[in-house]
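Printed here is model.txt (compact mmCIF, C-alpha atoms and all ligand atoms):
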# COMPACT_ATOMS: atom_id res chain seq x y z
CA MET A 1376 -7.93 2.71 17.29
CA ASN A 1377 -11.29 4.52 17.73
CA ARG A 1378 -9.84 6.14 20.83
CA GLY A 1379 -12.29 8.61 22.32
CA LEU A 1380 -14.68 9.66 19.63
CA LEU A 1381 -17.05 7.53 17.61
CA SER A 1382 -17.39 8.16 13.90
CA HIS A 1383 -20.63 10.10 14.30
CA ASP A 1384 -18.84 12.51 16.66
CA ARG A 1385 -15.89 13.02 14.36
CA THR A 1386 -15.30 15.73 11.80
CA THR A 1387 -12.57 14.46 9.48
CA TYR A 1388 -11.82 10.75 9.58
CA ILE A 1389 -10.97 7.66 7.58
CA GLU A 1390 -13.38 4.76 7.73
CA VAL A 1391 -11.77 1.36 7.12
CA ASP A 1392 -14.04 -1.55 6.38
CA LEU A 1393 -12.21 -4.54 7.88
CA LYS A 1394 -14.87 -6.90 6.50
CA ALA A 1395 -13.83 -5.77 3.02
CA ILE A 1396 -10.18 -6.50 3.89
CA ALA A 1397 -11.23 -9.96 5.13
CA GLN A 1398 -13.17 -10.62 1.92
CA ASN A 1399 -10.24 -9.57 -0.24
CA ILE A 1400 -7.90 -11.84 1.74
CA GLN A 1401 -10.32 -14.73 1.29
CA ALA A 1402 -10.63 -14.03 -2.44
CA VAL A 1403 -6.83 -14.19 -2.81
CA ARG A 1404 -6.70 -17.37 -0.74
CA LYS A 1405 -9.30 -18.96 -3.00
CA LEU A 1406 -7.28 -18.00 -6.07
CA ILE A 1407 -3.92 -19.33 -4.80
CA GLY A 1408 -5.21 -22.47 -3.07
CA SER A 1409 -4.15 -23.87 0.27
CA SER A 1410 -0.63 -25.00 -0.67
CA VAL A 1411 0.70 -21.51 -1.46
CA GLU A 1412 1.53 -19.22 1.46
CA LEU A 1413 -0.16 -15.83 1.67
CA MET A 1414 1.94 -12.89 2.88
CA PRO A 1415 -0.08 -9.65 2.64
CA VAL A 1416 2.02 -6.50 2.36
CA VAL A 1417 1.14 -4.02 5.10
CA LYS A 1418 3.92 -1.49 4.54
CA ALA A 1419 3.32 2.27 4.70
CA ASN A 1420 0.71 1.91 7.43
CA ALA A 1421 -1.04 -0.76 5.35
CA TYR A 1422 -1.26 1.60 2.36
CA GLY A 1423 -2.81 4.20 4.66
CA HIS A 1424 -5.42 1.83 6.09
CA GLY A 1425 -3.78 1.33 9.50
CA ALA A 1426 -1.08 -1.34 9.82
CA VAL A 1427 -2.07 -2.97 13.10
CA GLU A 1428 -5.80 -3.37 12.40
CA VAL A 1429 -5.22 -4.61 8.85
CA ALA A 1430 -2.49 -7.00 10.00
CA LYS A 1431 -4.71 -8.48 12.70
CA THR A 1432 -7.58 -8.90 10.25
CA ALA A 1433 -5.29 -10.50 7.69
CA VAL A 1434 -3.92 -13.00 10.20
CA GLU A 1435 -7.41 -13.83 11.49
CA HIS A 1436 -8.47 -14.60 7.93
CA GLY A 1437 -5.62 -16.86 6.97
CA ALA A 1438 -2.50 -14.83 6.20
CA ASP A 1439 0.52 -17.02 6.95
CA ARG A 1440 2.96 -14.15 7.44
CA LEU A 1441 3.14 -10.42 6.87
CA ALA A 1442 5.47 -8.19 4.89
CA VAL A 1443 6.59 -4.67 5.68
CA ASN A 1444 9.28 -2.50 4.13
CA ARG A 1445 11.13 -1.18 7.17
CA VAL A 1446 12.26 -2.57 10.51
CA ALA A 1447 10.28 0.13 12.36
CA GLU A 1448 7.11 -1.09 10.65
CA GLY A 1449 7.78 -4.62 11.88
CA LEU A 1450 8.36 -3.34 15.41
CA GLU A 1451 4.98 -1.58 15.37
CA LEU A 1452 3.29 -4.90 14.58
CA ARG A 1453 5.27 -6.75 17.26
CA ARG A 1454 4.36 -4.10 19.85
CA ALA A 1455 0.71 -4.72 18.96
CA GLY A 1456 1.16 -8.39 19.80
CA ILE A 1457 1.28 -9.82 16.28
CA SER A 1458 3.31 -13.01 16.36
CA VAL A 1459 3.32 -14.43 12.81
CA PRO A 1460 6.61 -14.20 10.87
CA ILE A 1461 7.21 -10.68 9.51
CA VAL A 1462 9.45 -10.22 6.48
CA VAL A 1463 11.13 -6.82 6.05
CA LEU A 1464 11.24 -6.44 2.26
CA GLY A 1465 13.29 -3.25 2.14
CA TYR A 1466 16.88 -2.48 3.08
CA ALA A 1467 17.79 -2.77 6.74
CA GLY A 1468 21.27 -1.66 7.81
CA GLN A 1469 23.83 -3.15 10.17
CA GLY A 1470 22.65 -0.95 13.01
CA GLU A 1471 19.16 -2.43 12.80
CA MET A 1472 20.13 -6.08 13.16
CA GLY A 1473 19.91 -5.97 16.97
CA ALA A 1474 16.24 -4.96 16.79
CA VAL A 1475 15.62 -7.51 14.02
CA VAL A 1476 16.90 -10.35 16.17
CA GLU A 1477 15.33 -9.14 19.40
CA HIS A 1478 11.87 -8.87 17.82
CA ASP A 1479 12.13 -11.91 15.53
CA LEU A 1480 11.81 -10.05 12.25
CA THR A 1481 12.98 -11.66 9.00
CA PRO A 1482 15.21 -9.21 7.13
CA THR A 1483 16.11 -9.04 3.45
CA ILE A 1484 19.87 -9.33 3.15
CA THR A 1485 21.78 -8.27 0.06
CA GLU A 1486 25.04 -7.06 1.62
CA LEU A 1487 27.67 -9.17 3.38
CA PRO A 1488 28.46 -6.62 6.14
CA VAL A 1489 24.78 -6.69 7.06
CA ALA A 1490 24.80 -10.51 7.06
CA LYS A 1491 27.82 -10.38 9.36
CA ALA A 1492 26.06 -7.98 11.75
CA LEU A 1493 22.97 -10.22 11.74
CA SER A 1494 25.10 -13.27 12.48
CA ALA A 1495 26.81 -11.50 15.39
CA GLN A 1496 23.45 -10.50 16.88
CA ALA A 1497 22.06 -14.00 16.37
CA LEU A 1498 25.03 -15.54 18.17
CA ALA A 1499 24.81 -13.03 21.00
CA SER A 1500 21.15 -13.87 21.61
CA GLY A 1501 21.46 -17.60 20.96
CA LYS A 1502 18.81 -17.51 18.23
CA GLU A 1503 18.76 -19.05 14.77
CA VAL A 1504 17.63 -16.17 12.53
CA ASP A 1505 15.91 -16.52 9.14
CA LEU A 1506 16.57 -14.11 6.31
CA HIS A 1507 15.47 -13.63 2.70
CA VAL A 1508 17.71 -12.74 -0.22
CA LYS A 1509 16.53 -10.47 -3.02
CA VAL A 1510 17.52 -10.88 -6.65
CA ASP A 1511 17.35 -7.99 -9.08
CA THR A 1512 15.96 -9.53 -12.26
CA GLY A 1513 15.16 -6.26 -13.98
CA MET A 1514 13.60 -3.78 -11.57
CA GLY A 1515 17.01 -2.27 -10.95
CA ARG A 1516 16.45 -1.35 -7.32
CA LEU A 1517 17.35 -3.48 -4.30
CA GLY A 1518 18.76 -6.93 -4.93
CA LEU A 1519 21.81 -8.85 -6.06
CA LEU A 1520 22.33 -9.42 -9.76
CA PRO A 1521 21.65 -13.00 -10.92
CA GLN A 1522 25.35 -13.80 -11.38
CA GLU A 1523 26.11 -12.59 -7.83
CA ILE A 1524 23.69 -14.98 -6.13
CA VAL A 1525 25.64 -18.25 -5.92
CA PRO A 1526 28.86 -16.52 -4.75
CA PHE A 1527 26.75 -14.64 -2.18
CA PHE A 1528 25.19 -17.84 -0.82
CA LYS A 1529 28.66 -19.43 -0.57
CA ARG A 1530 29.73 -16.58 1.71
CA LEU A 1531 26.43 -16.47 3.59
CA VAL A 1532 26.54 -20.11 4.75
CA LYS A 1533 29.82 -19.39 6.52
CA PHE A 1534 28.08 -17.04 8.96
CA PRO A 1535 26.79 -18.95 11.99
CA GLY A 1536 23.32 -18.39 13.46
CA ILE A 1537 21.66 -17.24 10.25
CA HIS A 1538 19.71 -19.18 7.67
CA ALA A 1539 18.40 -18.24 4.20
CA GLU A 1540 14.74 -19.11 4.39
CA GLY A 1541 13.61 -17.21 1.33
CA ILE A 1542 14.67 -15.88 -2.04
CA PHE A 1543 12.65 -13.42 -4.08
CA THR A 1544 12.49 -10.91 -6.88
CA HIS A 1545 10.08 -8.14 -7.86
CA PHE A 1546 8.33 -7.44 -11.18
CA SER A 1547 8.33 -3.97 -12.72
CA VAL A 1548 5.51 -4.29 -15.28
CA ALA A 1549 3.34 -7.22 -14.16
CA ASP A 1550 0.34 -4.87 -14.04
CA SER A 1551 0.56 -4.04 -17.75
CA LYS A 1552 -1.16 -5.95 -20.52
CA LYS A 1553 1.06 -4.54 -23.28
CA VAL A 1554 2.78 -7.26 -25.29
CA ARG A 1555 6.30 -5.97 -24.63
CA ASP A 1556 5.58 -5.71 -20.89
CA ARG A 1557 4.21 -9.24 -20.75
CA LYS A 1558 7.38 -10.36 -22.48
CA TYR A 1559 9.51 -8.48 -19.94
CA THR A 1560 7.65 -10.04 -17.01
CA ARG A 1561 8.13 -13.53 -18.45
CA GLU A 1562 11.83 -12.77 -18.94
CA GLN A 1563 12.17 -11.60 -15.35
CA PHE A 1564 10.51 -14.81 -14.20
CA LYS A 1565 12.76 -16.92 -16.43
CA THR A 1566 15.84 -15.19 -15.03
CA PHE A 1567 14.63 -15.90 -11.50
CA GLN A 1568 14.03 -19.58 -12.32
CA LYS A 1569 17.55 -19.80 -13.73
CA VAL A 1570 18.89 -18.41 -10.46
CA LEU A 1571 16.83 -21.00 -8.56
CA ALA A 1572 18.33 -23.79 -10.66
CA GLU A 1573 21.84 -22.45 -10.04
CA ILE A 1574 21.44 -22.32 -6.29
CA ALA A 1575 19.91 -25.80 -6.26
CA ASN A 1576 22.86 -27.07 -8.31
CA ALA A 1577 25.23 -25.43 -5.86
CA GLY A 1578 23.55 -27.46 -3.10
CA PHE A 1579 21.50 -24.76 -1.38
CA ASP A 1580 17.92 -25.48 -0.41
CA ILE A 1581 15.78 -22.35 0.03
CA PRO A 1582 12.24 -23.25 1.11
CA LEU A 1583 10.39 -20.00 0.28
CA ARG A 1584 10.66 -18.77 -3.29
CA HIS A 1585 8.42 -15.79 -4.03
CA VAL A 1586 7.85 -13.23 -6.76
CA ALA A 1587 4.14 -12.42 -7.05
CA ASN A 1588 2.86 -8.95 -6.16
CA SER A 1589 -0.88 -8.24 -6.64
CA ALA A 1590 -0.67 -8.03 -10.42
CA ALA A 1591 1.32 -11.26 -10.78
CA THR A 1592 -0.95 -13.00 -8.28
CA MET A 1593 -3.89 -12.23 -10.59
CA TYR A 1594 -2.39 -12.24 -14.09
CA TYR A 1595 0.49 -14.75 -13.81
CA PRO A 1596 -0.70 -17.72 -11.72
CA GLU A 1597 2.38 -19.68 -12.80
CA THR A 1598 4.45 -17.28 -10.64
CA HIS A 1599 2.78 -18.12 -7.32
CA LEU A 1600 5.61 -20.53 -6.37
CA ASP A 1601 5.76 -21.08 -2.57
CA LEU A 1602 4.26 -17.78 -1.49
CA VAL A 1603 2.53 -14.68 -2.87
CA ARG A 1604 2.92 -11.17 -1.46
CA PRO A 1605 0.00 -9.05 -2.62
CA GLY A 1606 -0.48 -5.49 -1.39
CA ILE A 1607 -2.95 -3.28 -3.22
CA ILE A 1608 -5.59 -5.97 -3.86
CA ILE A 1609 -5.79 -6.70 -0.12
CA TYR A 1610 -7.19 -3.17 0.15
CA GLY A 1611 -9.67 -3.86 -2.64
CA LEU A 1612 -7.93 -1.68 -5.20
CA PRO A 1613 -6.78 -2.71 -8.69
CA PRO A 1614 -3.02 -2.60 -9.42
CA ALA A 1615 -3.60 -1.05 -12.86
CA ALA A 1616 -6.08 1.45 -14.23
CA ASP A 1617 -6.48 -0.29 -17.59
CA HIS A 1618 -6.24 -3.98 -16.68
CA LYS A 1619 -9.33 -5.57 -15.15
CA PRO A 1620 -8.82 -7.44 -11.88
CA THR A 1621 -9.50 -11.18 -12.10
CA LEU A 1622 -10.83 -11.15 -8.54
CA SER A 1623 -13.83 -9.44 -7.08
CA LEU A 1624 -12.27 -6.70 -4.96
CA LYS A 1625 -13.95 -4.60 -2.32
CA PRO A 1626 -12.42 -1.18 -1.57
CA ALA A 1627 -12.00 -0.76 2.18
CA LEU A 1628 -11.17 2.90 2.71
CA SER A 1629 -13.35 6.02 2.81
CA LEU A 1630 -12.26 9.57 3.61
CA LYS A 1631 -15.03 11.59 5.17
CA SER A 1632 -15.52 15.04 6.63
CA ARG A 1633 -18.26 17.56 7.31
CA VAL A 1634 -19.40 20.95 6.15
CA ALA A 1635 -17.78 23.54 8.44
CA ARG A 1636 -19.21 26.70 6.93
CA ILE A 1637 -21.65 27.67 4.20
CA ARG A 1638 -21.76 31.01 2.55
CA THR A 1639 -22.87 32.77 -0.56
CA LEU A 1640 -19.88 34.27 -2.28
CA PRO A 1641 -20.84 37.50 -4.06
CA ALA A 1642 -19.98 37.86 -7.75
CA ARG A 1643 -16.38 38.98 -8.39
CA SER A 1644 -15.21 37.88 -4.91
CA SER A 1645 -12.20 35.58 -4.70
CA LEU A 1646 -11.24 32.92 -2.22
CA GLY A 1647 -8.28 31.09 -0.79
CA TYR A 1648 -4.52 31.46 -1.11
CA GLY A 1649 -3.42 32.90 -4.42
CA ARG A 1650 -7.00 33.96 -5.22
CA ARG A 1651 -7.25 31.12 -7.73
CA PHE A 1652 -11.05 31.28 -7.76
CA THR A 1653 -13.16 34.33 -8.47
CA ALA A 1654 -16.94 33.93 -8.55
CA LYS A 1655 -18.46 34.91 -11.90
CA LYS A 1656 -21.87 35.09 -10.24
CA LYS A 1657 -23.25 34.62 -6.75
CA THR A 1658 -21.95 31.16 -5.72
CA ALA A 1659 -22.80 28.87 -2.79
CA ILE A 1660 -19.54 27.73 -1.18
CA ALA A 1661 -19.02 25.13 1.53
CA LEU A 1662 -15.86 24.86 3.61
CA VAL A 1663 -14.55 21.35 4.27
CA PRO A 1664 -11.86 20.84 6.92
CA VAL A 1665 -9.54 18.61 4.87
CA GLY A 1666 -6.25 19.72 3.36
CA TYR A 1667 -2.82 18.61 2.24
CA GLY A 1668 -1.89 18.36 5.91
CA ASP A 1669 -4.16 15.32 5.90
CA GLY A 1670 -2.54 13.94 2.76
CA TYR A 1671 -5.22 15.24 0.40
CA HIS A 1672 -2.98 16.47 -2.44
CA ARG A 1673 -2.81 20.18 -3.20
CA LEU A 1674 -2.71 19.21 -6.88
CA LEU A 1675 -6.42 18.43 -6.50
CA SER A 1676 -7.10 22.19 -6.23
CA THR A 1677 -9.62 23.18 -8.96
CA ARG A 1678 -9.63 19.53 -10.19
CA GLY A 1679 -11.12 17.34 -7.50
CA GLU A 1680 -14.72 16.69 -6.52
CA VAL A 1681 -16.43 15.64 -3.29
CA LEU A 1682 -19.83 14.14 -2.56
CA ILE A 1683 -22.50 16.08 -0.68
CA ASN A 1684 -26.12 14.93 -0.74
CA GLY A 1685 -24.87 12.08 -2.92
CA LYS A 1686 -23.98 14.64 -5.60
CA ARG A 1687 -20.69 15.96 -6.93
CA ALA A 1688 -19.39 19.32 -5.74
CA PRO A 1689 -16.21 20.63 -7.44
CA ILE A 1690 -13.26 21.89 -5.41
CA VAL A 1691 -12.69 25.59 -6.06
CA GLY A 1692 -9.60 27.64 -5.29
CA THR A 1693 -6.43 26.37 -3.66
CA ILE A 1694 -6.47 23.51 -1.17
CA SER A 1695 -4.69 24.66 1.96
CA MET A 1696 -3.08 22.64 4.74
CA ASP A 1697 -6.26 22.13 6.73
CA GLN A 1698 -9.19 23.14 4.58
CA LEU A 1699 -10.65 23.24 1.12
CA MET A 1700 -13.71 24.82 -0.48
CA VAL A 1701 -16.32 23.40 -2.80
CA ASP A 1702 -18.97 24.93 -5.01
CA VAL A 1703 -22.27 23.55 -3.72
CA SER A 1704 -24.50 25.44 -6.15
CA ARG A 1705 -25.70 22.22 -7.75
CA VAL A 1706 -26.09 19.79 -4.86
CA GLY A 1707 -29.31 21.06 -3.27
CA ALA A 1708 -29.71 22.33 0.29
CA VAL A 1709 -26.57 22.05 2.43
CA LYS A 1710 -26.43 22.27 6.21
CA ILE A 1711 -23.56 22.80 8.60
CA ASP A 1712 -22.02 19.52 9.88
CA GLN A 1713 -23.43 17.55 6.99
CA GLU A 1714 -21.34 14.62 5.76
CA VAL A 1715 -18.87 15.18 2.93
CA VAL A 1716 -17.25 12.18 1.22
CA LEU A 1717 -13.88 12.74 -0.45
CA LEU A 1718 -13.15 9.07 -1.09
CA GLY A 1719 -15.75 6.32 -0.98
CA LYS A 1720 -19.51 6.02 -1.33
CA GLN A 1721 -22.34 8.40 -0.57
CA GLY A 1722 -25.86 7.76 -1.79
CA LYS A 1723 -25.64 6.18 -5.23
CA ASP A 1724 -22.31 7.71 -6.16
CA ARG A 1725 -18.77 6.71 -5.29
CA ILE A 1726 -15.44 8.48 -5.63
CA SER A 1727 -12.79 5.83 -6.14
CA ALA A 1728 -9.09 6.07 -5.34
CA GLU A 1729 -8.53 5.57 -9.08
CA GLU A 1730 -10.64 8.63 -9.88
CA VAL A 1731 -8.81 10.80 -7.34
CA ALA A 1732 -5.55 9.45 -8.78
CA SER A 1733 -6.54 10.54 -12.28
CA TRP A 1734 -7.29 14.08 -11.03
CA ALA A 1735 -3.99 14.21 -9.14
CA GLU A 1736 -1.95 12.65 -11.97
CA THR A 1737 -0.88 9.71 -9.85
CA ILE A 1738 -1.93 6.14 -9.00
CA ASN A 1739 -4.43 4.77 -6.46
CA TYR A 1740 -1.49 3.44 -4.37
CA GLU A 1741 -0.30 6.98 -3.71
CA VAL A 1742 -3.77 8.36 -3.01
CA VAL A 1743 -4.41 6.00 -0.11
CA SER A 1744 -0.88 5.73 1.25
CA SER A 1745 -0.55 9.54 1.34
CA LEU A 1746 -3.25 9.85 4.00
CA LEU A 1747 -1.43 11.07 7.09
CA PRO A 1748 -1.64 9.92 10.72
CA ARG A 1749 -3.43 13.12 11.73
CA VAL A 1750 -6.60 11.69 10.25
CA PRO A 1751 -8.07 9.19 12.72
CA ARG A 1752 -8.84 5.73 11.37
CA VAL A 1753 -12.21 4.36 12.44
CA TYR A 1754 -12.85 0.64 12.07
C1 LIG A 1801 5.03 -3.23 -2.15
C2 LIG A 1801 5.57 -4.54 -2.57
C3 LIG A 1801 4.68 -5.58 -2.92
C4 LIG A 1801 3.19 -5.40 -3.06
O1 LIG A 1801 2.92 -4.78 -4.28
P1 LIG A 1801 1.39 -4.60 -4.81
O2 LIG A 1801 1.54 -4.09 -6.18
O3 LIG A 1801 0.75 -3.61 -3.89
O4 LIG A 1801 0.76 -5.92 -4.71
C5 LIG A 1801 5.23 -6.83 -3.19
N1 LIG A 1801 6.57 -7.01 -3.15
C6 LIG A 1801 7.44 -6.03 -2.85
C7 LIG A 1801 8.91 -6.31 -2.84
C8 LIG A 1801 6.98 -4.76 -2.57
O5 LIG A 1801 7.84 -3.79 -2.28
Whole structure given in structure tokens:
Amino acid sequence: MNRGLLSHDRTTYIEVDLKAIAQNIQAVRKLIGSSVELMPVVKANAYGHGAVEVAKTAVEHGADRLAVNRVAEGLELRRAGISVPIVVLGYAGQGEMGAVVEHDLTPTITELPVAKALSAQALASGKEVDLHVKVDTGMGRLGLLPQEIVPFFKRLVKFPGIHAEGIFTHFSVADSKKVRDRKYTREQFKTFQKVLAEIANAGFDIPLRHVANSAATMYYPETHLDLVRPGIIIYGLPPAADHKPTLSLKPALSLKSRVARIRTLPARSSLGYGRRFTAKKKTAIALVPVGYGDGYHRLLSTRGEVLINGKRAPIVGTISMDQLMVDVSRVGAVKIDQEVVLLGKQGKDRISAEEVASWAETINYEVVSSLLPRVPRVY
């Protein structure tokens, strides 16, 4: 992916530490043991880290399969030559079943018309196609209700060319340590186990039963079952701000740029759209070519900080699409083209995705997955 320019020739770029990804994968493998399958979730461009590079690293370091959310995401991995099974966790419609079969993706099926379309495509291409079924045990999004599962399987087995390889559900509060949330998670798991017993009693044998996201992988080892599907911890980030990870995680992503202009703003001068900043006294200002058009949230205006000279410089004024400004009065001498770190380490300091998330009133997941394709990823 480092097409053309090397990192030292770049202005604004994302640095992804694939060794960190590998270490995180190995840490999860150590936790789950060798008899549980590991299916890292690389949806949303691998949470902003770059789907193809992360997927290749994950497979090289022992991932058994990969999970994405959309068919198009699976196709991107296939085009890059990735050959392990790829489960599409999100909804895929009837019109997508041709691509699913052609590229050997494993869809999640929760609707009979979609199952029928998949069966027709499987027959047409002479393939036996695997699928997973999702149960809604309390998240309330995609998935069949527990009581719908056995009737659904009875209809599903009548479609030729398709085979239910997996069954899964998703937790809504596995990241929380609150008593009522722990109770809810255990209830979701109990409901899922009841469904498993019902389908076994009805004579169906589904080899891959899975429920564990990152939080459940760490905090509920009893939920590992046949396979775990962690996302955020693969990237070295904790799933919850107030619940310590039980693994040693290494963050993989840094967002870096350079100083594009330095000036002394005279007292009473304003800057940026909306004139949200007016200098009370003479102020040293540096321009950084990063904006919301890169996925750096506009909400960080007047709230965020960046690292220059290993020190914190506050963002002043409004972040625009391509640029932002920082007050560099307290970071020492600043030169044009000098490195600016918006996410990651510089010197002894580090700005974490969790810290940016707290400034932007969101979660670390959104901070990294918001980073747009315009920003080149350097590995
Ligand atoms: C995104 C997703 C995951 C991964 O969640 P993390 O909290 O990042 O580990 C697992 N399962 C499903 C169904 C998902 O959509």
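If only C-alpha atoms and all ligand atoms are the atoms counted, then among A:Gly1692, A:Gly1647, A:Gly1668, A:Pro1614 the closest residue to ligand LIG 1801 (chain A) is A:Pro1614.
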Check: Within 10 Å of ligand LIG 1801 (chain A), counting only C-alpha atoms and all ligand atoms: which residues, as a ChimeraX atom specification?
Finding: /A:1414-1419,1421-1422,1442-1444,1463-1465,1483,1509,1517,1543-1550,1585-1593,1603-1610,1612-1615,1740
Keeping C-alpha atoms, export the residues of the selection given above as a PDB file, in the coordinates of the input.
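Output saved as out-v3.pdb:
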ATOM      1  CA  MET A1414       1.940 -12.890   2.880  1.00  0.00           C
ATOM      2  CA  PRO A1415      -0.080  -9.650   2.640  1.00  0.00           C
ATOM      3  CA  VAL A1416       2.020  -6.500   2.360  1.00  0.00           C
ATOM      4  CA  VAL A1417       1.140  -4.020   5.100  1.00  0.00           C
ATOM      5  CA  LYS A1418       3.920  -1.490   4.540  1.00  0.00           C
ATOM      6  CA  ALA A1419       3.320   2.270   4.700  1.00  0.00           C
ATOM      7  CA  ALA A1421      -1.040  -0.760   5.350  1.00  0.00           C
ATOM      8  CA  TYR A1422      -1.260   1.600   2.360  1.00  0.00           C
ATOM      9  CA  ALA A1442       5.470  -8.190   4.890  1.00  0.00           C
ATOM     10  CA  VAL A1443       6.590  -4.670   5.680  1.00  0.00           C
ATOM     11  CA  ASN A1444       9.280  -2.500   4.130  1.00  0.00           C
ATOM     12  CA  VAL A1463      11.130  -6.820   6.050  1.00  0.00           C
ATOM     13  CA  LEU A1464      11.240  -6.440   2.260  1.00  0.00           C
ATOM     14  CA  GLY A1465      13.290  -3.250   2.140  1.00  0.00           C
ATOM     15  CA  THR A1483      16.110  -9.040   3.450  1.00  0.00           C
ATOM     16  CA  LYS A1509      16.530 -10.470  -3.020  1.00  0.00           C
ATOM     17  CA  LEU A1517      17.350  -3.480  -4.300  1.00  0.00           C
ATOM     18  CA  PHE A1543      12.650 -13.420  -4.080  1.00  0.00           C
ATOM     19  CA  THR A1544      12.490 -10.910  -6.880  1.00  0.00           C
ATOM     20  CA  HIS A1545      10.080  -8.140  -7.860  1.00  0.00           C
ATOM     21  CA  PHE A1546       8.330  -7.440 -11.180  1.00  0.00           C
ATOM     22  CA  SER A1547       8.330  -3.970 -12.720  1.00  0.00           C
ATOM     23  CA  VAL A1548       5.510  -4.290 -15.280  1.00  0.00           C
ATOM     24  CA  ALA A1549       3.340  -7.220 -14.160  1.00  0.00           C
ATOM     25  CA  ASP A1550       0.340  -4.870 -14.040  1.00  0.00           C
ATOM     26  CA  HIS A1585       8.420 -15.790  -4.030  1.00  0.00           C
ATOM     27  CA  VAL A1586       7.850 -13.230  -6.760  1.00  0.00           C
ATOM     28  CA  ALA A1587       4.140 -12.420  -7.050  1.00  0.00           C
ATOM     29  CA  ASN A1588       2.860  -8.950  -6.160  1.00  0.00           C
ATOM     30  CA  SER A1589      -0.880  -8.240  -6.640  1.00  0.00           C
ATOM     31  CA  ALA A1590      -0.670  -8.030 -10.420  1.00  0.00           C
ATOM     32  CA  ALA A1591       1.320 -11.260 -10.780  1.00  0.00           C
ATOM     33  CA  THR A1592      -0.950 -13.000  -8.280  1.00  0.00           C
ATOM     34  CA  MET A1593      -3.890 -12.230 -10.590  1.00  0.00           C
ATOM     35  CA  VAL A1603       2.530 -14.680  -2.870  1.00  0.00           C
ATOM     36  CA  ARG A1604       2.920 -11.170  -1.460  1.00  0.00           C
ATOM     37  CA  PRO A1605       0.000  -9.050  -2.620  1.00  0.00           C
ATOM     38  CA  GLY A1606      -0.480  -5.490  -1.390  1.00  0.00           C
ATOM     39  CA  ILE A1607      -2.950  -3.280  -3.220  1.00  0.00           C
ATOM     40  CA  ILE A1608      -5.590  -5.970  -3.860  1.00  0.00           C
ATOM     41  CA  ILE A1609      -5.790  -6.700  -0.120  1.00  0.00           C
ATOM     42  CA  TYR A1610      -7.190  -3.170   0.150  1.00  0.00           C
ATOM     43  CA  LEU A1612      -7.930  -1.680  -5.200  1.00  0.00           C
ATOM     44  CA  PRO A1613      -6.780  -2.710  -8.690  1.00  0.00           C
ATOM     45  CA  PRO A1614      -3.020  -2.600  -9.420  1.00  0.00           C
ATOM     46  CA  ALA A1615      -3.600  -1.050 -12.860  1.00  0.00           C
ATOM     47  CA  TYR A1740      -1.490   3.440  -4.370  1.00  0.00           C
TER      48      TYR A1740
END
Margin query: I need the residue nearest A:Leu1718 from this list: A:Lys1491, A:Lys1631, A:Arg1673, A:Lys1655. Use all atoms listed in the file for the distance.
Written below: A:Lys1631
Notebook entry, point to check: Pick the closest to A:Ser1632 from A:Ile1389, A:Val1753, A:Ala1426, A:Ala1467: which is it, counting only C-alpha atoms?
Noted result: A:Ile1389
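Summary of the local environment: counting all atoms listed in the file, residues at most 10 Å from A:Val1427, other than itself and those fewer than 3 positions away along its chain, are Met1376, Val1417, Asn1420, Ala1421, His1424, Ala1430, Lys1431, Thr1432, Ala1433, Glu1448, Glu1451, Leu1452, Arg1453, Arg1454, Ala1455, Gly1456 and Ile1457 of chain A.
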Next item on the list: Provide the atom CA of A:Glu1412 to atom CA of A:Leu1602 distance in Å, to one decimal place.
Entry: 4.3 Å
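Surrounding residues of (-5.8, 27.4, 0.1) at most 9 Å away are A:Leu1646, A:Gly1647, A:Tyr1648, A:Gly1649, A:Arg1650, A:Arg1651, A:Gly1666, A:Arg1673, A:Ser1676, A:Gly1692, A:Thr1693, A:Ile1694, A:Ser1695, A:Met1696, A:Asp1697, A:Gln1698, A:Leu1699, A:Met1700 (based on all atoms listed in the file).
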Build an axis-aligned box that encloses every atom of stretch 1733-1742 of chain A listed in the file, pad it by 3 Å on each side, and report its centre and edge lengths in Å to one decimal, as lines of an AutoDock Vina configuration file.
center_x = -3.8
center_y = 8.8
center_z = -7.6
size_x = 13.0
size_y = 16.8
size_z = 15.3
For the point (-5.9, -3.9, -19.9) in file coordinates, what residues are within 10 Å, counting all atoms listed in the file? Give the answer as a PDB file with C-alpha atoms, in the coordinates of the input?
ATOM      1  CA  ASP A1550       0.340  -4.870 -14.040  1.00  0.00           C
ATOM      2  CA  SER A1551       0.560  -4.040 -17.750  1.00  0.00           C
ATOM      3  CA  LYS A1552      -1.160  -5.950 -20.520  1.00  0.00           C
ATOM      4  CA  LYS A1553       1.060  -4.540 -23.280  1.00  0.00           C
ATOM      5  CA  ALA A1615      -3.600  -1.050 -12.860  1.00  0.00           C
ATOM      6  CA  ALA A1616      -6.080   1.450 -14.230  1.00  0.00           C
ATOM      7  CA  ASP A1617      -6.480  -0.290 -17.590  1.00  0.00           C
ATOM      8  CA  HIS A1618      -6.240  -3.980 -16.680  1.00  0.00           C
ATOM      9  CA  LYS A1619      -9.330  -5.570 -15.150  1.00  0.00           C
ATOM     10  CA  PRO A1620      -8.820  -7.440 -11.880  1.00  0.00           C
TER      11      PRO A1620
END
Check: Looking at only C-alpha atoms, which of A:Val1434, A:Met1514, A:Ala1735, A:Leu1630 is the one that sits closest to A:Gly1679?
Finding: A:Ala1735
Margin query: Considering all atoms listed in the file, can you say which of A:Arg1678, A:Arg1705, A:His1383, A:His1599 comes closest to A:Glu1736?
Written below: A:Arg1678
Next item on the list: Excluding A:Ile1461 and residues on its chain fewer than 6 positions from it, collect all residues at most 6 Å away from it, counting all atoms listed in the file, and give them as a list in words.
Entry: Arg1440, Leu1441, Ala1442, Leu1480 and Thr1481 of chain A
